[in-house]
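> Structure provided below as structure tokens; questions to follow.
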Amino acid sequence: MDNNILIVNNLGKTYQTINEEIKAVDNFSLSLKDGELLSIVGPSGCGKSTILSILCGLETDYDGSIKLSDGKTLGYMLQQDSLFEWLTILDNCLLGLKINHTLDNNTKQYVINLLNTYGLKDFINSYPSCLSGGMRQRVALIRTLATKPDILLLDEPFSALDSQSRLAVSDDVYRIIKKEHKSAIMVTHDLAEAISFSDRVIVLSERPCHIKNIHTINLTNASTPIKNRECKEFNNYYNLIWKELDFHV
Amino acid sequence: MYSYKHKLFLKRIRRKKIFIITFQLLILFIFILLWQFLSDYGYINSFIGSSPKRVLQTLIKLYNSGDLLKHIYITCLETIISFSLATVIGIFIASIYWLFPIVHKICEPYLTIMNSLPKIALGPIIIIWVGAKMSSIIVMALLISLILTIINVHHSFVNTDYNKIKLLKSFNASNYQIYRYLIFPGNINGIINALKVNISMSLIGVIMGEFLVSKEGIGYLIMYGSQVFNLNLVISGIIVLCIVATVMFLIINFIENKLIKNKK
Ligand SMILES: Nc1ncnc2c1ncn2[C@@H]1O[C@H](COP(=O)(O)OP(=O)(O)O)[C@@H](O)[C@H]1O
Ligand SMILES: [Mg+2]
């Protein structure tokens with residue numbers, strides 16, 4: 001598998017409903033290297049969420065194959081933070097550990113450290129209703145990180161935020177992912193977000209989605225998403241991919 | 001600590017509250033006064049329409065003989081028993097329905113029939129099968145409150161935010177874990193709302209049962225009063241019932257506030 005930690009081959013998915021069959025994904029393949037950040041962009045409704053659902057095991061009826069390197073695990077993060085209002089921030093973050101029966105003093109301390117490190121120290125015992133949208137999204141990320149997944153699957157993680165905190169939070173999340181040495185596949189319909197965030201951008205067609213093109217992003221002096229937007233190559237990529245996306249408004 | 005404007009704001013709210021309560025009490029006061037006046041001057045036949053004074057005398061007499069508290073106690077006991085049974089059994093069945101949707105699908109038409117059937121129609125059968133005693137009153141009340149509890153609790157269970165379920169599934173949670181970590185604790189509000197309906201349904205069922213069995217309880221008091229044409233007794237019974245229902249409502253409200261406050 002030479003340093004690919006995830007290989008997906010010829011993925012296909014057709015939803016069965018009473019009235020029709022909906023073909024959502026058609027012949028989708030990808031490979032992900034250790035530590036790589038990959039973005040998937042495509043028009044809404046083309047099947048992006050479906051791909052992530054299949055990868056993390058929420059959909060079991062699909063075609064093609066998914067190969068994950070030995071011992072590697074996946075973590076899933078959705079657009080809605082879906083925090084449980086009746087649990088404290090800490091208890092929210094411990095949910096995955098409780099469900100996997102891996103909650104002990106060590107894993108708990110790991111989560112507390114994450115919360116302390118990423119600016120939620122004062123809110124460990126608060127309830128979600130006290131937090132801003134950006135903070136809630138950070139809690140959601142830590143809840144995903146708690147089970148120590150190697151690959152994060154992010155489904156439009158910033159779409160629910162207003163444009164101001166959206167930039168700040170994507171910067172935060174980027175830093176956290178890098179610092180914790182994770183790989184990630186992020187789905188988005190925001191092209192600028194995809195380019196500034198990732199090493200490679202996969203462009204999908206309309207539904208049923210197949211791969212239109214894969215762009216490797218090379219920015220001089222690449223750093224975090226906010227700064228990456230100022231790189232001189234950024235606009236070139238943006239214009240190039242924008243034409244491929246071919247949004248029909 | 002607070003600005004002058006804020007104090008003014010609080011003061012206005014308080015004044016409004018006092019105004020509302022004063023008016024509410026005034027309506028009650030005028031109603032009682034008018035009632036007394038109309039019966040004193042013969043506009044109301046006090047034999048049929050009773051009067052506040054007569055009601056009060058009846059209540060005092062009942063209280064002194066020890067009957068009043070006994071009947072209240074019996075009615076409350078029956079209501080609490082059927083309320084508790086309906087709560088426990090109702091939540092249990094709703095949980096089974098959520099955990100095994102196929103069971104719900106199979107039972108649904110029968111549940112719908114039972115829900116739309118006026119349960120009083122079953123009264124005579126219940127008395128024959130169970131006997132003219134307290135247990136048939138409880139069965140009666142249970143029939144009324146249980147069905148609604150199941151329907152309401154299950155309704156709140158199935159309306160749980162699907163994204164939260166998806167989240168737990170991404171942790172490989174089993175169905176039972178989803179129930180334990182999300183469905184039950186996440187629907188405490190829905191359950192409490194169901195219990196609010198449940199308590200008034202239980203009381204309705206108990207009074208209906210007491211009408212039929214006619215041995216003891218506030219329902220019996222009212223029924224007996226009408227049989228011997230003692231309207232003072234009937235109206236006294238109704239007033240006691242109003243008070244009992246209000247107290248039960250207040251208790252549930254209190255518990256609800258306690259539960260919600262603990263979470264903030
Ligand atoms: N559970 C489902 N049953 C039937 N159709 C579905 C289901 N989930 C998604 N779809 C359909 O599949 C297509 C792709 O959906 P999705 O993957 O959510 O798109 P995206 O995330 O790119 O907006 C849409 O047309 C959607 O209506
Ligand atoms: Mg989507």
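As shown in the structure tokens, the chain order sets the letters A, B, ...; within each chain, residues go from 1, and ligands are also counted from 1 in the order they appear.
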Name the residues in contact with Gly123 (chain B) at a cut-off of 9 Å, using only C-alpha atoms, excluding same-chain residues fewer than 3 positions from it; report them as a VMD selection string.

chain B and resid 119 to 120 126 to 128 136 to 137 140 208 to 209 212

> Can you list, as a PyMOL selection string, every protein, DNA or RNA residue that comes within 12 Å of Tyr237 (chain A) when you count only C-alpha atoms, leaving out same-chain residues fewer than 6 positions away?

chain A and resi 191-196+200-201+214-219+228-229+231+243-244

> Could you write out that same residue set with N, CA and C atoms as an mmCIF file, in the first residue's frame?


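Saved file again-v8.cif follows:
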data_model
loop_
_atom_site.group_PDB
_atom_site.id
_atom_site.type_symbol
_atom_site.label_atom_id
_atom_site.label_comp_id
_atom_site.auth_asym_id
_atom_site.auth_seq_id
_atom_site.Cartn_x
_atom_site.Cartn_y
_atom_site.Cartn_z
ATOM 1 N N LEU A 191 -15.289 26.475 -2.568
ATOM 2 C CA LEU A 191 -14.056 26.214 -3.283
ATOM 3 C C LEU A 191 -12.845 26.846 -2.588
ATOM 4 N N ALA A 192 -12.990 28.097 -2.152
ATOM 5 C CA ALA A 192 -11.874 28.784 -1.498
ATOM 6 C C ALA A 192 -11.449 28.027 -0.238
ATOM 7 N N GLU A 193 -12.426 27.526 0.486
ATOM 8 C CA GLU A 193 -12.150 26.749 1.685
ATOM 9 C C GLU A 193 -11.335 25.505 1.330
ATOM 10 N N ALA A 194 -11.758 24.828 0.258
ATOM 11 C CA ALA A 194 -11.073 23.600 -0.154
ATOM 12 C C ALA A 194 -9.626 23.881 -0.528
ATOM 13 N N ILE A 195 -9.405 24.925 -1.345
ATOM 14 C CA ILE A 195 -8.042 25.194 -1.819
ATOM 15 C C ILE A 195 -7.137 25.608 -0.659
ATOM 16 N N SER A 196 -7.657 26.468 0.221
ATOM 17 C CA SER A 196 -6.815 26.984 1.294
ATOM 18 C C SER A 196 -6.527 25.928 2.357
ATOM 19 N N ARG A 200 -4.724 18.319 -1.692
ATOM 20 C CA ARG A 200 -5.296 17.942 -2.983
ATOM 21 C C ARG A 200 -6.783 18.255 -2.968
ATOM 22 N N VAL A 201 -7.311 18.638 -4.125
ATOM 23 C CA VAL A 201 -8.740 18.899 -4.247
ATOM 24 C C VAL A 201 -9.312 17.976 -5.316
ATOM 25 N N ILE A 214 -8.508 15.904 -10.410
ATOM 26 C CA ILE A 214 -7.854 16.005 -9.108
ATOM 27 C C ILE A 214 -6.740 17.026 -9.217
ATOM 28 N N HIS A 215 -6.755 18.027 -8.342
ATOM 29 C CA HIS A 215 -5.729 19.066 -8.376
ATOM 30 C C HIS A 215 -4.821 18.937 -7.168
ATOM 31 N N THR A 216 -3.517 18.927 -7.420
ATOM 32 C CA THR A 216 -2.585 19.005 -6.297
ATOM 33 C C THR A 216 -2.290 20.479 -6.057
ATOM 34 N N ILE A 217 -2.483 20.894 -4.807
ATOM 35 C CA ILE A 217 -2.345 22.317 -4.505
ATOM 36 C C ILE A 217 -0.912 22.592 -4.046
ATOM 37 N N ASN A 218 -0.200 23.428 -4.803
ATOM 38 C CA ASN A 218 1.140 23.848 -4.389
ATOM 39 C C ASN A 218 1.154 25.348 -4.188
ATOM 40 N N LEU A 219 1.185 25.765 -2.949
ATOM 41 C CA LEU A 219 1.222 27.196 -2.677
ATOM 42 C C LEU A 219 2.602 27.532 -2.134
ATOM 43 N N ASN A 228 -3.101 31.206 3.531
ATOM 44 C CA ASN A 228 -3.004 30.595 2.200
ATOM 45 C C ASN A 228 -3.821 31.355 1.163
ATOM 46 N N ARG A 229 -4.897 32.003 1.626
ATOM 47 C CA ARG A 229 -5.740 32.740 0.683
ATOM 48 C C ARG A 229 -5.002 33.920 0.055
ATOM 49 N N CYS A 231 -1.768 33.722 -0.899
ATOM 50 C CA CYS A 231 -0.708 33.273 -1.791
ATOM 51 C C CYS A 231 -1.047 33.614 -3.239
ATOM 52 N N LYS A 243 -14.096 26.973 -13.032
ATOM 53 C CA LYS A 243 -14.604 26.679 -14.384
ATOM 54 C C LYS A 243 -15.008 25.213 -14.491
ATOM 55 N N GLU A 244 -14.220 24.345 -13.830
ATOM 56 C CA GLU A 244 -14.541 22.920 -13.893
ATOM 57 C C GLU A 244 -15.840 22.590 -13.173
#

> Return the neighbours of chain A among the residues of chain B, cut-off 10 Å, counting only C-alpha atoms, as a ChimeraX atom specification.

/B:161-174,177-178,181-182,185-188,260,262-264

> Got time to write the residues from that selection, C-alpha atoms, as a PDB file, in the first residue's frame?


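part23.pdb, written as the output of this step:
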ATOM      1  CA  ASP B 161     -32.642  14.671  15.690  1.00  0.00           C
ATOM      2  CA  TYR B 162     -31.324  12.250  13.090  1.00  0.00           C
ATOM      3  CA  ASN B 163     -27.898  13.898  13.028  1.00  0.00           C
ATOM      4  CA  LYS B 164     -27.364  12.904  16.647  1.00  0.00           C
ATOM      5  CA  ILE B 165     -28.230   9.296  15.820  1.00  0.00           C
ATOM      6  CA  LYS B 166     -25.811   9.463  12.898  1.00  0.00           C
ATOM      7  CA  LEU B 167     -23.111  10.753  15.213  1.00  0.00           C
ATOM      8  CA  LEU B 168     -23.526   7.825  17.620  1.00  0.00           C
ATOM      9  CA  LYS B 169     -23.655   5.381  14.707  1.00  0.00           C
ATOM     10  CA  SER B 170     -20.310   6.754  13.524  1.00  0.00           C
ATOM     11  CA  PHE B 171     -18.963   5.593  16.909  1.00  0.00           C
ATOM     12  CA  ASN B 172     -20.402   2.160  16.100  1.00  0.00           C
ATOM     13  CA  ALA B 173     -23.043   2.482  18.787  1.00  0.00           C
ATOM     14  CA  SER B 174     -25.528  -0.371  19.081  1.00  0.00           C
ATOM     15  CA  GLN B 177     -26.555   2.346  23.247  1.00  0.00           C
ATOM     16  CA  ILE B 178     -28.312   4.891  21.042  1.00  0.00           C
ATOM     17  CA  TYR B 181     -27.248   7.690  25.559  1.00  0.00           C
ATOM     18  CA  LEU B 182     -29.567   9.643  23.290  1.00  0.00           C
ATOM     19  CA  PRO B 185     -32.052  11.259  28.133  1.00  0.00           C
ATOM     20  CA  GLY B 186     -32.630  13.478  25.105  1.00  0.00           C
ATOM     21  CA  ASN B 187     -36.389  13.234  25.383  1.00  0.00           C
ATOM     22  CA  ILE B 188     -36.894  14.008  29.063  1.00  0.00           C
ATOM     23  CA  ILE B 260     -34.819  21.533  33.981  1.00  0.00           C
ATOM     24  CA  ASN B 262     -30.627  20.910  37.340  1.00  0.00           C
ATOM     25  CA  LYS B 263     -29.357  20.975  33.776  1.00  0.00           C
ATOM     26  CA  LYS B 264     -28.494  24.630  33.538  1.00  0.00           C
TER      27      LYS B 264
END

> With only C-alpha atoms and all ligand atoms counted, collect every polymer residue having an atom within 9 Å of ligand 1; state the result as a PyMOL selection string.

chain A and resi 13-17+20-25+41-53+59+155-156+187-189+206-209

> Find the distance between CA of Ser226 (chain B) and CA of Ile239 (chain B) and write it in Å to one decimal.

14.8 Å

> List the neighbours of Ile226 (chain A) out to 8 Å using only C-alpha atoms; skip same-chain residues closer than 5 positions along the sequence, and give me the result as a PyMOL selection string.

chain A and resi 167-168+171+196

> Neighbours of Met135 (chain A) within 12 Å (only C-alpha atoms; same-chain residues fewer than 2 positions away dropped), as a compact mmCIF listing (two decimals) with N, CA and C atoms, in the first residue's frame?


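Below is the file that was written, selection_1.txt:
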# COMPACT_ATOMS: atom_id res chain seq x y z
N ASP A 81 -23.13 20.52 14.78
CA ASP A 81 -22.27 20.02 15.85
C ASP A 81 -22.95 18.92 16.64
N LEU A 83 -24.23 18.62 19.43
CA LEU A 83 -23.88 18.42 20.84
C LEU A 83 -25.14 18.06 21.62
N ILE A 89 -19.82 19.80 28.48
CA ILE A 89 -18.88 19.75 27.37
C ILE A 89 -17.99 18.51 27.50
N LEU A 115 -9.17 19.64 25.52
CA LEU A 115 -10.04 20.78 25.82
C LEU A 115 -9.23 21.96 26.37
N TYR A 118 -7.10 23.59 23.51
CA TYR A 118 -7.78 24.31 22.44
C TYR A 118 -8.83 25.28 22.96
N GLY A 119 -8.50 25.93 24.07
CA GLY A 119 -9.26 27.10 24.50
C GLY A 119 -10.62 26.82 25.10
N LEU A 120 -10.84 25.61 25.63
CA LEU A 120 -12.15 25.33 26.21
C LEU A 120 -12.04 25.01 27.70
N LYS A 121 -10.88 25.37 28.26
CA LYS A 121 -10.58 25.06 29.65
C LYS A 121 -11.70 25.50 30.60
N ASP A 122 -12.19 26.73 30.39
CA ASP A 122 -13.18 27.27 31.33
C ASP A 122 -14.57 26.72 31.11
N PHE A 123 -14.73 25.89 30.09
CA PHE A 123 -16.08 25.44 29.75
C PHE A 123 -16.27 23.95 29.93
N ILE A 124 -15.26 23.29 30.51
CA ILE A 124 -15.31 21.83 30.62
C ILE A 124 -16.59 21.34 31.28
N TYR A 127 -22.56 23.70 29.94
CA TYR A 127 -23.43 23.03 28.98
C TYR A 127 -23.32 23.73 27.63
N PRO A 128 -23.59 22.99 26.55
CA PRO A 128 -23.39 23.54 25.20
C PRO A 128 -24.08 24.87 24.96
N SER A 129 -25.21 25.11 25.65
CA SER A 129 -25.94 26.34 25.38
C SER A 129 -25.13 27.59 25.74
N CYS A 130 -24.05 27.43 26.52
CA CYS A 130 -23.24 28.60 26.88
C CYS A 130 -22.22 28.96 25.80
N LEU A 131 -22.07 28.12 24.77
CA LEU A 131 -20.96 28.29 23.84
C LEU A 131 -21.39 28.95 22.53
N SER A 132 -20.44 29.66 21.91
CA SER A 132 -20.70 30.24 20.59
C SER A 132 -20.62 29.14 19.53
N GLY A 133 -21.11 29.45 18.34
CA GLY A 133 -21.11 28.46 17.26
C GLY A 133 -19.72 27.91 16.96
N GLN A 137 -18.30 24.01 17.50
CA GLN A 137 -17.71 23.22 16.43
C GLN A 137 -16.35 22.66 16.87
N ARG A 138 -15.63 23.44 17.67
CA ARG A 138 -14.36 22.94 18.19
C ARG A 138 -14.60 21.77 19.16
N VAL A 139 -15.65 21.89 19.98
CA VAL A 139 -16.00 20.78 20.87
C VAL A 139 -16.33 19.53 20.04
N ALA A 140 -17.07 19.74 18.97
CA ALA A 140 -17.44 18.61 18.11
C ALA A 140 -16.18 17.94 17.56
N LEU A 141 -15.19 18.76 17.21
CA LEU A 141 -13.94 18.18 16.69
C LEU A 141 -13.23 17.37 17.77
N ILE A 142 -13.19 17.94 18.99
CA ILE A 142 -12.51 17.22 20.08
C ILE A 142 -13.26 15.92 20.40
N PHE A 158 -17.90 23.56 8.41
CA PHE A 158 -18.02 24.98 8.78
C PHE A 158 -19.27 25.64 8.19
N LEU A 161 -21.68 27.90 10.17
CA LEU A 161 -21.17 29.09 10.87
C LEU A 161 -21.30 30.33 9.99
N SER A 165 -16.76 33.77 11.60
CA SER A 165 -16.21 32.71 12.46
C SER A 165 -15.83 31.50 11.63
N ARG A 166 -16.43 31.39 10.46
CA ARG A 166 -16.12 30.29 9.57
C ARG A 166 -14.62 30.26 9.23
N ALA A 168 -12.18 31.80 10.92
CA ALA A 168 -11.39 31.58 12.13
C ALA A 168 -11.42 30.11 12.54
N VAL A 169 -12.62 29.51 12.50
CA VAL A 169 -12.73 28.12 12.95
C VAL A 169 -12.01 27.18 11.99
N SER A 170 -12.07 27.46 10.69
CA SER A 170 -11.38 26.56 9.76
C SER A 170 -9.86 26.64 10.00
N ASP A 172 -8.51 27.28 12.98
CA ASP A 172 -8.32 26.51 14.22
C ASP A 172 -8.26 25.02 13.94
N VAL A 173 -9.28 24.55 13.20
CA VAL A 173 -9.39 23.12 12.95
C VAL A 173 -8.16 22.63 12.18

> Identify which of the residues A:Asp26, A:Asp61, A:Ile40, A:Asp150 lies closest to ligand 2, counting only C-alpha atoms and all ligand atoms when measuring atom-to-atom distances.

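The closest residue to ligand 2 is A:Ile40.
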
> What gap, in Å, lies between CA of Met186 (chain A) and CA of Asn9 (chain A)?

18.3 Å

> Can you list every residue in region 13-145 of chain A that DSSP puts in strand (DSSP E), as an mmCIF file with N, CA and C atoms, in the first residue's frame?


data_model
loop_
_atom_site.group_PDB
_atom_site.id
_atom_site.type_symbol
_atom_site.label_atom_id
_atom_site.label_comp_id
_atom_site.auth_asym_id
_atom_site.auth_seq_id
_atom_site.Cartn_x
_atom_site.Cartn_y
_atom_site.Cartn_z
ATOM 1 N N LYS A 13 -22.824 3.793 -5.360
ATOM 2 C CA LYS A 13 -23.946 3.676 -4.427
ATOM 3 C C LYS A 13 -25.249 4.067 -5.120
ATOM 4 N N THR A 14 -26.228 3.206 -5.007
ATOM 5 C CA THR A 14 -27.560 3.524 -5.524
ATOM 6 C C THR A 14 -28.549 3.404 -4.377
ATOM 7 N N TYR A 15 -29.250 4.503 -4.076
ATOM 8 C CA TYR A 15 -30.265 4.456 -3.023
ATOM 9 C C TYR A 15 -31.536 3.849 -3.580
ATOM 10 N N GLN A 16 -32.154 2.962 -2.826
ATOM 11 C CA GLN A 16 -33.440 2.402 -3.216
ATOM 12 C C GLN A 16 -34.538 3.133 -2.463
ATOM 13 N N GLU A 21 -34.948 4.541 -8.107
ATOM 14 C CA GLU A 21 -33.583 4.278 -7.670
ATOM 15 C C GLU A 21 -32.802 5.558 -7.886
ATOM 16 N N ILE A 22 -32.049 5.990 -6.867
ATOM 17 C CA ILE A 22 -31.248 7.201 -7.027
ATOM 18 C C ILE A 22 -29.783 6.802 -7.045
ATOM 19 N N LYS A 23 -29.165 6.968 -8.190
ATOM 20 C CA LYS A 23 -27.745 6.669 -8.262
ATOM 21 C C LYS A 23 -26.987 7.887 -7.761
ATOM 22 N N ALA A 24 -26.299 7.745 -6.645
ATOM 23 C CA ALA A 24 -25.659 8.909 -6.030
ATOM 24 C C ALA A 24 -24.166 8.959 -6.327
ATOM 25 N N VAL A 25 -23.504 7.797 -6.326
ATOM 26 C CA VAL A 25 -22.057 7.774 -6.548
ATOM 27 C C VAL A 25 -21.754 6.766 -7.650
ATOM 28 N N ASP A 26 -20.863 7.179 -8.550
ATOM 29 C CA ASP A 26 -20.564 6.324 -9.688
ATOM 30 C C ASP A 26 -19.051 6.205 -9.842
ATOM 31 N N ASN A 27 -18.523 5.030 -9.556
ATOM 32 C CA ASN A 27 -17.124 4.772 -9.865
ATOM 33 C C ASN A 27 -16.153 5.794 -9.268
ATOM 34 N N PHE A 28 -16.198 5.931 -7.964
ATOM 35 C CA PHE A 28 -15.356 6.915 -7.285
ATOM 36 C C PHE A 28 -14.154 6.199 -6.645
ATOM 37 N N SER A 29 -12.957 6.709 -6.929
ATOM 38 C CA SER A 29 -11.761 6.105 -6.340
ATOM 39 C C SER A 29 -10.891 7.189 -5.724
ATOM 40 N N LEU A 30 -10.193 6.855 -4.663
ATOM 41 C CA LEU A 30 -9.203 7.800 -4.143
ATOM 42 C C LEU A 30 -8.189 7.062 -3.300
ATOM 43 N N SER A 31 -7.040 7.726 -3.094
ATOM 44 C CA SER A 31 -6.069 7.185 -2.152
ATOM 45 C C SER A 31 -5.629 8.346 -1.263
ATOM 46 N N LEU A 32 -5.373 8.020 -0.012
ATOM 47 C CA LEU A 32 -5.027 9.073 0.937
ATOM 48 C C LEU A 32 -3.716 8.704 1.608
ATOM 49 N N LYS A 33 -2.756 9.660 1.592
ATOM 50 C CA LYS A 33 -1.474 9.393 2.240
ATOM 51 C C LYS A 33 -1.545 9.784 3.700
ATOM 52 N N LEU A 37 -4.176 16.149 3.704
ATOM 53 C CA LEU A 37 -5.506 16.748 3.803
ATOM 54 C C LEU A 37 -6.090 16.816 2.399
ATOM 55 N N LEU A 38 -7.243 16.192 2.249
ATOM 56 C CA LEU A 38 -7.857 16.069 0.942
ATOM 57 C C LEU A 38 -9.227 16.725 0.992
ATOM 58 N N SER A 39 -9.538 17.506 -0.054
ATOM 59 C CA SER A 39 -10.879 18.088 -0.092
ATOM 60 C C SER A 39 -11.652 17.519 -1.262
ATOM 61 N N ILE A 40 -12.951 17.393 -1.064
ATOM 62 C CA ILE A 40 -13.828 16.966 -2.149
ATOM 63 C C ILE A 40 -14.826 18.093 -2.374
ATOM 64 N N VAL A 41 -14.831 18.666 -3.578
ATOM 65 C CA VAL A 41 -15.825 19.702 -3.882
ATOM 66 C C VAL A 41 -16.726 19.210 -4.997
ATOM 67 N N ASP A 63 -21.167 -0.606 -3.802
ATOM 68 C CA ASP A 63 -20.267 -1.365 -4.674
ATOM 69 C C ASP A 63 -18.849 -0.864 -4.486
ATOM 70 N N GLY A 64 -17.889 -1.666 -4.909
ATOM 71 C CA GLY A 64 -16.487 -1.261 -4.837
ATOM 72 C C GLY A 64 -15.839 -1.691 -3.543
ATOM 73 N N SER A 65 -14.607 -1.238 -3.338
ATOM 74 C CA SER A 65 -13.882 -1.708 -2.157
ATOM 75 C C SER A 65 -13.227 -0.548 -1.411
ATOM 76 N N ILE A 66 -13.102 -0.707 -0.106
ATOM 77 C CA ILE A 66 -12.451 0.287 0.749
ATOM 78 C C ILE A 66 -11.371 -0.428 1.533
ATOM 79 N N LYS A 67 -10.115 0.024 1.387
ATOM 80 C CA LYS A 67 -9.040 -0.618 2.126
ATOM 81 C C LYS A 67 -8.407 0.380 3.073
ATOM 82 N N LEU A 68 -8.414 0.025 4.354
ATOM 83 C CA LEU A 68 -7.847 0.893 5.380
ATOM 84 C C LEU A 68 -6.609 0.176 5.919
ATOM 85 N N LEU A 74 -11.164 5.637 11.681
ATOM 86 C CA LEU A 74 -11.788 6.827 11.104
ATOM 87 C C LEU A 74 -12.620 7.554 12.148
ATOM 88 N N GLY A 75 -12.676 8.872 12.011
ATOM 89 C CA GLY A 75 -13.563 9.673 12.856
ATOM 90 C C GLY A 75 -14.390 10.577 11.968
ATOM 91 N N TYR A 76 -15.632 10.776 12.360
ATOM 92 C CA TYR A 76 -16.587 11.459 11.493
ATOM 93 C C TYR A 76 -17.061 12.733 12.161
ATOM 94 N N MET A 77 -17.117 13.817 11.406
ATOM 95 C CA MET A 77 -17.611 15.074 11.975
ATOM 96 C C MET A 77 -18.578 15.705 10.985
#

> Find the residue from A:Ile7, A:Leu94, A:Leu154, A:Ala146 that sits nearest to ligand 2; use only C-alpha atoms and all ligand atoms when measuring.

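Looking at the shortest contact to ligand 2, the residue is A:Leu154.
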
> Between CA of Asn159 (chain B) and CA of Leu90 (chain A), measure the distance and give it in Å to one decimal.

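Computing the Euclidean distance for CA of Asn159 (chain B) and CA of Leu90 (chain A) yields 25.7 Å.
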
> Fewer than 3 positions away in the same chain doesn't count, so skip those; otherwise give me all residues within 7 Å of region 56-72 of chain B, counting only C-alpha atoms, as number ranges by chain.

B: 52-53, 75-76, 216-218, 232-233, 236

> Could those selected residues go to a file with N, CA, C and O atoms, as a PDB file, in the first residue's frame?


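Output file out26.pdb is given in full below:
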ATOM      1  N   PRO B  52     -72.708  29.508  47.701  1.00  0.00           N
ATOM      2  CA  PRO B  52     -71.399  29.371  48.337  1.00  0.00           C
ATOM      3  C   PRO B  52     -71.513  29.007  49.811  1.00  0.00           C
ATOM      4  O   PRO B  52     -70.763  28.168  50.300  1.00  0.00           O
ATOM      5  N   LYS B  53     -72.477  29.615  50.497  1.00  0.00           N
ATOM      6  CA  LYS B  53     -72.629  29.320  51.921  1.00  0.00           C
ATOM      7  C   LYS B  53     -72.971  27.857  52.154  1.00  0.00           C
ATOM      8  O   LYS B  53     -72.391  27.182  52.998  1.00  0.00           O
ATOM      9  N   THR B  75     -59.368   9.027  46.113  1.00  0.00           N
ATOM     10  CA  THR B  75     -59.226   9.477  44.719  1.00  0.00           C
ATOM     11  C   THR B  75     -57.762   9.731  44.368  1.00  0.00           C
ATOM     12  O   THR B  75     -57.281   9.325  43.303  1.00  0.00           O
ATOM     13  N   CYS B  76     -57.051  10.399  45.289  1.00  0.00           N
ATOM     14  CA  CYS B  76     -55.635  10.676  45.023  1.00  0.00           C
ATOM     15  C   CYS B  76     -54.853   9.373  44.901  1.00  0.00           C
ATOM     16  O   CYS B  76     -54.023   9.216  43.996  1.00  0.00           O
ATOM     17  N   GLU B 216     -66.623   4.747  46.862  1.00  0.00           N
ATOM     18  CA  GLU B 216     -65.930   5.790  47.605  1.00  0.00           C
ATOM     19  C   GLU B 216     -65.138   6.655  46.639  1.00  0.00           C
ATOM     20  O   GLU B 216     -65.016   6.321  45.462  1.00  0.00           O
ATOM     21  N   GLY B 217     -64.618   7.774  47.129  1.00  0.00           N
ATOM     22  CA  GLY B 217     -63.879   8.706  46.285  1.00  0.00           C
ATOM     23  C   GLY B 217     -64.732   9.914  45.913  1.00  0.00           C
ATOM     24  O   GLY B 217     -65.943   9.932  46.144  1.00  0.00           O
ATOM     25  N   ILE B 218     -64.052  10.919  45.348  1.00  0.00           N
ATOM     26  CA  ILE B 218     -64.762  12.156  45.019  1.00  0.00           C
ATOM     27  C   ILE B 218     -65.819  11.906  43.942  1.00  0.00           C
ATOM     28  O   ILE B 218     -66.910  12.477  43.972  1.00  0.00           O
ATOM     29  N   ASN B 232     -75.963  20.417  46.785  1.00  0.00           N
ATOM     30  CA  ASN B 232     -74.861  20.980  47.577  1.00  0.00           C
ATOM     31  C   ASN B 232     -73.673  20.033  47.555  1.00  0.00           C
ATOM     32  O   ASN B 232     -72.533  20.443  47.406  1.00  0.00           O
ATOM     33  N   LEU B 233     -73.989  18.759  47.707  1.00  0.00           N
ATOM     34  CA  LEU B 233     -72.944  17.742  47.732  1.00  0.00           C
ATOM     35  C   LEU B 233     -72.278  17.638  46.360  1.00  0.00           C
ATOM     36  O   LEU B 233     -71.049  17.572  46.260  1.00  0.00           O
ATOM     37  N   SER B 236     -70.094  20.706  45.842  1.00  0.00           N
ATOM     38  CA  SER B 236     -68.926  20.612  46.729  1.00  0.00           C
ATOM     39  C   SER B 236     -67.905  19.635  46.161  1.00  0.00           C
ATOM     40  O   SER B 236     -66.706  19.908  46.131  1.00  0.00           O
TER      41      SER B 236
END

> Rank A:Lys178, A:Gly35, A:Ile54, A:His101 by their smallest atom-to-atom distance to Leu11 (chain A), using only C-alpha atoms, and report the top residue only.

A:Ile54

> Can you tell me which residues surround Ile204 (chain B) at a distance of at most 10 Å, considering only C-alpha atoms, apart from same-chain residues fewer than 6 positions away, and format the answer as a VMD selection string?

chain B and resid 79 140 to 141 144 to 145 198 210 219 245

> Store the residues picked out above in a file with N, CA and C atoms, as a short mmCIF file (atom, residue, chain, number, x, y, z; two decimals), in the first residue's frame.


data_model
loop_
_atom_site.label_atom_id
_atom_site.label_comp_id
_atom_site.auth_asym_id
_atom_site.auth_seq_id
_atom_site.Cartn_x
_atom_site.Cartn_y
_atom_site.Cartn_z
N THR B 79 -55.52 7.74 41.65
CA THR B 79 -54.90 8.50 40.54
C THR B 79 -53.40 8.25 40.51
N MET B 140 -59.62 1.04 34.66
CA MET B 140 -60.32 2.05 33.85
C MET B 140 -59.38 3.24 33.55
N ALA B 141 -58.79 3.78 34.62
CA ALA B 141 -57.92 4.95 34.47
C ALA B 141 -56.68 4.60 33.64
N ILE B 144 -57.23 4.58 29.93
CA ILE B 144 -57.28 5.92 29.33
C ILE B 144 -55.90 6.55 29.24
N SER B 145 -55.13 6.45 30.33
CA SER B 145 -53.87 7.19 30.34
C SER B 145 -52.73 6.43 29.65
N ASN B 198 -50.79 12.58 31.02
CA ASN B 198 -51.07 11.34 31.74
C ASN B 198 -51.78 11.60 33.07
N GLU B 210 -65.06 5.81 39.40
CA GLU B 210 -65.80 5.98 40.66
C GLU B 210 -67.29 6.19 40.41
N GLY B 219 -65.50 11.03 42.99
CA GLY B 219 -66.46 10.69 41.95
C GLY B 219 -67.72 10.08 42.56
N ALA B 245 -57.20 18.61 41.23
CA ALA B 245 -56.57 18.64 39.91
C ALA B 245 -55.51 19.73 39.85
#
